[in-house]
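Next up, data_9.pdb (PDB, C-alpha atoms):
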```pdb
ATOM      1  CA  MET A   1      86.957 137.091 179.790
ATOM      2  CA  ASP A   2      89.117 139.737 178.111
ATOM      3  CA  LYS A   3      92.952 139.604 178.221
ATOM      4  CA  LEU A   4      93.280 142.589 180.587
ATOM      5  CA  THR A   5      90.974 141.038 183.189
ATOM      6  CA  ALA A   6      92.675 137.642 182.882
ATOM      7  CA  SER A   7      96.105 139.218 183.302
ATOM      8  CA  ARG A   8      95.009 141.108 186.403
ATOM      9  CA  ILE A   9      93.520 137.981 187.978
ATOM     10  CA  THR A  10      96.812 136.111 187.517
ATOM     11  CA  GLY A  11      98.900 138.901 189.000
ATOM     12  CA  GLY A  12      99.776 140.917 185.921
ATOM     13  CA  ASN A  13      98.715 144.372 184.862
ATOM     14  CA  THR A  14      98.646 144.973 181.155
ATOM     15  CA  ALA A  15      97.468 148.538 181.689
ATOM     16  CA  TYR A  16     101.222 149.267 181.773
ATOM     17  CA  LYS A  17     103.681 148.005 179.186
ATOM     18  CA  ARG A  18     106.214 145.444 180.387
ATOM     19  CA  SER A  19     109.342 147.215 181.578
ATOM     20  CA  GLU A  20     112.547 146.857 179.562
ATOM     21  CA  SER A  21     114.936 144.298 181.123
ATOM     22  CA  ASP A  22     112.207 143.416 183.669
ATOM     23  CA  PHE A  23     113.177 146.559 185.598
ATOM     24  CA  TYR A  24     110.747 147.107 188.439
ATOM     25  CA  PRO A  25     112.138 149.168 191.354
ATOM     26  CA  THR A  26     111.649 147.509 194.720
ATOM     27  CA  PRO A  27     109.881 149.619 197.368
ATOM     28  CA  ALA A  28     112.011 150.072 200.495
ATOM     29  CA  ASP A  29     109.581 148.287 202.840
ATOM     30  CA  VAL A  30     110.045 145.044 200.885
ATOM     31  CA  THR A  31     113.799 145.063 201.517
ATOM     32  CA  LEU A  32     113.484 146.286 205.106
ATOM     33  CA  ALA A  33     111.087 143.435 205.979
ATOM     34  CA  LEU A  34     113.712 140.943 204.803
ATOM     35  CA  LEU A  35     116.526 142.654 206.713
ATOM     36  CA  ASP A  36     114.415 142.752 209.887
ATOM     37  CA  PHE A  37     113.782 139.013 209.616
ATOM     38  CA  LEU A  38     117.337 137.965 208.773
ATOM     39  CA  ASN A  39     119.035 140.168 211.361
ATOM     40  CA  ILE A  40     122.295 139.986 209.383
ATOM     41  CA  PRO A  41     125.373 140.767 211.509
ATOM     42  CA  LYS A  42     126.511 144.378 211.204
ATOM     43  CA  GLY A  43     129.678 144.631 209.160
ATOM     44  CA  THR A  44     128.379 142.135 206.589
ATOM     45  CA  ARG A  45     129.075 143.343 203.062
ATOM     46  CA  ILE A  46     125.976 142.846 200.883
ATOM     47  CA  TRP A  47     125.918 142.710 197.074
ATOM     48  CA  GLU A  48     122.855 143.875 195.129
ATOM     49  CA  PRO A  49     123.611 142.640 191.571
ATOM     50  CA  ALA A  50     120.451 143.921 189.842
ATOM     51  CA  ALA A  51     120.570 147.364 191.414
ATOM     52  CA  GLY A  52     118.796 149.333 188.705
ATOM     53  CA  ALA A  53     118.365 152.877 190.023
ATOM     54  CA  GLY A  54     119.594 151.882 193.492
ATOM     55  CA  ASP A  55     116.365 151.581 195.496
ATOM     56  CA  MET A  56     117.409 148.373 197.274
ATOM     57  CA  VAL A  57     120.982 149.649 197.690
ATOM     58  CA  ARG A  58     119.640 152.678 199.559
ATOM     59  CA  ALA A  59     117.300 150.552 201.699
ATOM     60  CA  ILE A  60     120.107 148.150 202.654
ATOM     61  CA  GLY A  61     122.482 151.039 203.328
ATOM     62  CA  SER A  62     119.879 152.729 205.541
ATOM     63  CA  ARG A  63     120.292 149.862 207.987
ATOM     64  CA  GLY A  64     124.032 150.434 208.264
ATOM     65  CA  TYR A  65     125.274 147.681 205.985
ATOM     66  CA  GLU A  66     128.056 148.140 203.479
ATOM     67  CA  VAL A  67     126.444 147.485 200.113
ATOM     68  CA  ILE A  68     127.762 147.060 196.572
ATOM     69  CA  GLY A  69     125.302 147.765 193.775
ATOM     70  CA  THR A  70     125.915 146.536 190.232
ATOM     71  CA  ASP A  71     123.596 146.254 187.252
ATOM     72  CA  ILE A  72     123.644 144.950 183.696
ATOM     73  CA  GLN A  73     122.604 148.430 182.476
ATOM     74  CA  GLN A  74     126.058 149.633 183.582
ATOM     75  CA  GLY A  75     127.784 146.634 181.983
ATOM     76  CA  ASP A  76     127.936 144.393 185.070
ATOM     77  CA  ASP A  77     126.141 141.152 184.160
ATOM     78  CA  PHE A  78     125.637 139.194 187.396
ATOM     79  CA  LEU A  79     125.622 135.927 185.465
ATOM     80  CA  GLU A  80     129.205 136.549 184.349
ATOM     81  CA  LEU A  81     130.651 138.116 187.496
ATOM     82  CA  PRO A  82     132.678 136.509 190.281
ATOM     83  CA  LEU A  83     131.863 137.234 193.906
ATOM     84  CA  PRO A  84     133.244 140.649 194.931
ATOM     85  CA  ASP A  85     135.748 140.690 197.797
ATOM     86  CA  ARG A  86     134.387 140.274 201.322
ATOM     87  CA  VAL A  87     130.748 139.850 200.249
ATOM     88  CA  GLY A  88     128.878 137.836 202.844
ATOM     89  CA  MET A  89     125.395 137.922 201.276
ATOM     90  CA  ILE A  90     123.602 138.660 198.012
ATOM     91  CA  ILE A  91     120.171 140.342 198.097
ATOM     92  CA  THR A  92     118.282 141.242 194.931
ATOM     93  CA  ASN A  93     115.051 141.340 193.003
ATOM     94  CA  PRO A  94     116.279 139.492 189.892
ATOM     95  CA  PRO A  95     114.723 140.043 186.489
ATOM     96  CA  PHE A  96     111.962 137.425 186.396
ATOM     97  CA  SER A  97     113.010 136.236 182.942
ATOM     98  CA  ALA A  98     116.498 135.390 184.289
ATOM     99  CA  SER A  99     115.580 134.274 187.820
ATOM    100  CA  GLU A 100     116.521 130.609 187.326
ATOM    101  CA  ASP A 101     119.923 131.565 185.959
ATOM    102  CA  PHE A 102     120.397 133.992 188.861
ATOM    103  CA  ILE A 103     119.640 131.210 191.370
ATOM    104  CA  LYS A 104     122.054 128.797 189.698
ATOM    105  CA  HIS A 105     124.853 131.381 189.543
ATOM    106  CA  ALA A 106     124.325 132.464 193.157
ATOM    107  CA  LEU A 107     124.511 128.828 194.257
ATOM    108  CA  GLU A 108     127.859 128.554 192.476
ATOM    109  CA  LEU A 109     129.139 131.643 194.317
ATOM    110  CA  GLY A 110     128.568 129.871 197.635
ATOM    111  CA  VAL A 111     127.383 132.667 199.931
ATOM    112  CA  PRO A 112     123.900 133.120 201.432
ATOM    113  CA  PHE A 113     121.487 134.917 199.123
ATOM    114  CA  ALA A 114     117.918 136.197 199.096
ATOM    115  CA  PHE A 115     115.891 136.707 195.936
ATOM    116  CA  LEU A 116     112.498 138.356 195.636
ATOM    117  CA  LEU A 117     110.271 136.117 193.504
ATOM    118  CA  LYS A 118     106.612 135.850 192.547
ATOM    119  CA  SER A 119     104.675 133.869 195.152
ATOM    120  CA  GLN A 120     103.749 131.213 192.609
ATOM    121  CA  TYR A 121     107.385 130.796 191.533
ATOM    122  CA  TRP A 122     107.679 127.192 192.743
ATOM    123  CA  HIS A 123     104.384 126.187 191.104
ATOM    124  CA  ALA A 124     106.140 125.496 187.779
ATOM    125  CA  ALA A 125     107.112 121.868 187.160
ATOM    126  CA  ARG A 126     110.284 122.942 185.354
ATOM    127  CA  ARG A 127     111.582 124.583 188.561
ATOM    128  CA  TYR A 128     111.115 121.476 190.678
ATOM    129  CA  ALA A 129     114.651 120.271 189.921
ATOM    130  CA  ILE A 130     116.142 123.478 191.327
ATOM    131  CA  PHE A 131     114.041 123.185 194.474
ATOM    132  CA  GLU A 132     114.902 119.514 194.888
ATOM    133  CA  GLU A 133     118.632 120.133 194.375
ATOM    134  CA  ALA A 134     118.918 123.262 196.527
ATOM    135  CA  ALA A 135     115.748 124.158 198.392
ATOM    136  CA  PRO A 136     115.726 127.593 199.989
ATOM    137  CA  ARG A 137     116.237 127.666 203.763
ATOM    138  CA  PHE A 138     113.401 130.191 204.083
ATOM    139  CA  ILE A 139     110.358 131.096 202.004
ATOM    140  CA  LEU A 140     109.079 134.448 203.268
ATOM    141  CA  PRO A 141     105.861 135.631 201.604
ATOM    142  CA  LEU A 142     104.946 139.270 202.095
ATOM    143  CA  THR A 143     101.619 139.940 203.798
ATOM    144  CA  TRP A 144     101.005 142.912 201.492
ATOM    145  CA  ARG A 145     101.276 143.523 197.770
ATOM    146  CA  PRO A 146     104.117 145.913 196.944
ATOM    147  CA  ASP A 147     103.583 148.531 194.263
ATOM    148  CA  PHE A 148     106.474 148.003 191.842
ATOM    149  CA  LEU A 149     105.114 150.845 189.710
ATOM    150  CA  PHE A 150     105.242 153.371 192.577
ATOM    151  CA  LYS A 151     107.540 155.680 190.597
ATOM    152  CA  GLN A 152     105.387 155.444 187.510
ATOM    153  CA  ARG A 153     101.828 155.690 188.745
ATOM    154  CA  GLY A 154     102.188 157.028 192.279
ATOM    155  CA  GLY A 155      99.646 154.659 193.778
ATOM    156  CA  GLY A 156      97.070 152.142 192.794
ATOM    157  CA  ALA A 157      96.117 148.638 193.701
ATOM    158  CA  PRO A 158      98.992 146.204 193.119
ATOM    159  CA  LEU A 159      97.934 142.713 192.133
ATOM    160  CA  MET A 160     101.097 140.595 192.386
ATOM    161  CA  ASP A 161     102.003 138.612 195.492
ATOM    162  CA  VAL A 162     105.735 138.137 196.093
ATOM    163  CA  MET A 163     108.025 136.332 198.494
ATOM    164  CA  TRP A 164     111.651 136.301 199.517
ATOM    165  CA  CYS A 165     113.467 133.004 199.061
ATOM    166  CA  VAL A 166     116.643 132.722 201.121
ATOM    167  CA  TRP A 167     119.396 130.191 200.506
ATOM    168  CA  GLN A 168     122.219 129.501 202.917
ATOM    169  CA  PRO A 169     124.970 127.524 201.116
ATOM    170  CA  PRO A 170     126.594 125.160 201.485
ATOM    171  CA  MET A 171     123.403 123.179 200.994
ATOM    172  CA  ARG A 172     123.237 120.165 203.275
ATOM    173  CA  GLY A 173     119.588 119.275 203.156
ATOM    174  CA  GLY A 174     117.173 120.267 205.843
ATOM    175  CA  ALA A 175     113.683 121.631 205.840
ATOM    176  CA  THR A 176     112.495 124.870 204.327
ATOM    177  CA  THR A 177     110.868 127.231 206.810
ATOM    178  CA  TYR A 178     107.821 129.151 205.617
ATOM    179  CA  TYR A 179     107.245 132.387 207.514
ATOM    180  CA  PRO A 180     105.059 135.334 206.387
ATOM    181  CA  LEU A 181     106.630 138.785 206.780
ATOM    182  CA  LYS A 182     104.721 141.786 208.101
ATOM    183  CA  ARG A 183     105.125 145.180 206.498
ATOM    184  CA  PRO A 184     107.736 147.174 208.473
ATOM    185  CA  SER A 185     105.783 150.450 208.401
ATOM    186  CA  ALA A 186     102.965 148.736 210.296
ATOM    187  CA  GLU A 187     105.401 147.675 213.016
ATOM    188  CA  LYS A 188     108.183 150.257 213.207
ATOM    189  CA  GLY A 189     107.095 153.262 211.214
ATOM    190  CA  ALA A 190     109.743 152.573 208.561
TER     191      ALA A 190
END
```

Take the structure in this file and express it as structure tokens.
Amino acid sequence: MDKLTASRITGGNTAYKRSESDFYPTPADVTLALLDFLNIPKGTRIWEPAAGAGDMVRAIGSRGYEVIGTDIQQGDDFLELPLPDRVGMIITNPPFSASEDFIKHALELGVPFAFLLKSQYWHAARRYAIFEEAAPRFILPLTWRPDFLFKQRGGGAPLMDVMWCVWQPPMRGGATTYYPLKRPSAEKGA
């Protein structure tokens, strides 16, 4: 089997070069599906610390939430930042290469947070310690494959499955709920 075929089978796509800083804009429906599920109280201030070009910031804002968007490309490294004033939740698609560090830092900040991760994220033995120490409250796989290259290729057949993992500190044990999310456009015309 050639490398391109193998990469595609495992959820990659080497037809496109890896994006600098793991920057892959998140389609709006991915964020809206999470917001629909969580039903976060209006007035909650949400921080998007890997905002990139602002796609998730716009999606969160479209639902009437106050949102703060920061990004390392503008000099705001999430891993070095304190929690902004009045933030009640963190929602982001972290760079995959820094996802473990993002989880650890968010746990230290002590507010609920949701991170978009590859569906096989917890399949790695080296991540078991994180799961055992602070298991997410929810694991929410998407029932569709988002096209993270939608701005680049304008369509195509995405191959990577993803899920939202939601933590609700302070962590006091308890079971993780697994619940697949439907695509909002199929339900509400989003």

For region 60-70 of chain A: contacts at 7 Å, only C-alpha atoms, fewer than 2 positions along chain excluded, given as a PyMOL selection string: chain A and resi 42-51+56-58+76

Please produce a file of those selected residues containing C-alpha atoms, as a PDB file, in the frame of the given file.
```pdb
ATOM      1  CA  LYS A  42     126.511 144.378 211.204  1.00  0.00           C
ATOM      2  CA  GLY A  43     129.678 144.631 209.160  1.00  0.00           C
ATOM      3  CA  THR A  44     128.379 142.135 206.589  1.00  0.00           C
ATOM      4  CA  ARG A  45     129.075 143.343 203.062  1.00  0.00           C
ATOM      5  CA  ILE A  46     125.976 142.846 200.883  1.00  0.00           C
ATOM      6  CA  TRP A  47     125.918 142.710 197.074  1.00  0.00           C
ATOM      7  CA  GLU A  48     122.855 143.875 195.129  1.00  0.00           C
ATOM      8  CA  PRO A  49     123.611 142.640 191.571  1.00  0.00           C
ATOM      9  CA  ALA A  50     120.451 143.921 189.842  1.00  0.00           C
ATOM     10  CA  ALA A  51     120.570 147.364 191.414  1.00  0.00           C
ATOM     11  CA  MET A  56     117.409 148.373 197.274  1.00  0.00           C
ATOM     12  CA  VAL A  57     120.982 149.649 197.690  1.00  0.00           C
ATOM     13  CA  ARG A  58     119.640 152.678 199.559  1.00  0.00           C
ATOM     14  CA  ASP A  76     127.936 144.393 185.070  1.00  0.00           C
TER      15      ASP A  76
END
```

Put the listed atoms of region 86-103 of chain A in a box along x, y and z with 8 Å added on every side and give me the centre and edge lengths in Å to one decimal, as AutoDock Vina command-line options.
```
--center_x 123.2 --center_y 136.0 --center_z 192.9 --size_x 38.4 --size_y 26.7 --size_z 35.9
```

What does the PyMOL selection byres ((chain A and resi 132) around 12) select in this file, as a compact mmCIF listing (two decimals) with C-alpha atoms, in the frame of the given file?
```
# COMPACT_ATOMS: atom_id res chain seq x y z
CA TRP A 122 107.68 127.19 192.74
CA ALA A 125 107.11 121.87 187.16
CA ARG A 126 110.28 122.94 185.35
CA ARG A 127 111.58 124.58 188.56
CA TYR A 128 111.12 121.48 190.68
CA ALA A 129 114.65 120.27 189.92
CA ILE A 130 116.14 123.48 191.33
CA PHE A 131 114.04 123.18 194.47
CA GLU A 133 118.63 120.13 194.38
CA ALA A 134 118.92 123.26 196.53
CA ALA A 135 115.75 124.16 198.39
CA PRO A 136 115.73 127.59 199.99
CA MET A 171 123.40 123.18 200.99
CA ARG A 172 123.24 120.16 203.28
CA GLY A 173 119.59 119.28 203.16
CA GLY A 174 117.17 120.27 205.84
CA ALA A 175 113.68 121.63 205.84
CA THR A 176 112.50 124.87 204.33
```

Which residue out of A:Pro95, A:Ala114, A:Ala59, A:Asp71 has the minimum interatomic distance to Phe138 (chain A) when only C-alpha atoms are used? A:Ala114

Name every residue that the PyMOL selection byres ((chain A and resi 115) around 9) selects in this structure, writing the answer as a PyMOL selection string with chains first and numbers rising. chain A and resi 90-94+99+102-103+113-114+116-117+163-167

Residue neighbourhood Tyr179 (chain A), 8 Å, only C-alpha atoms, exclusion window fewer than 6 positions, as a ChimeraX atom specification: /A:138-141
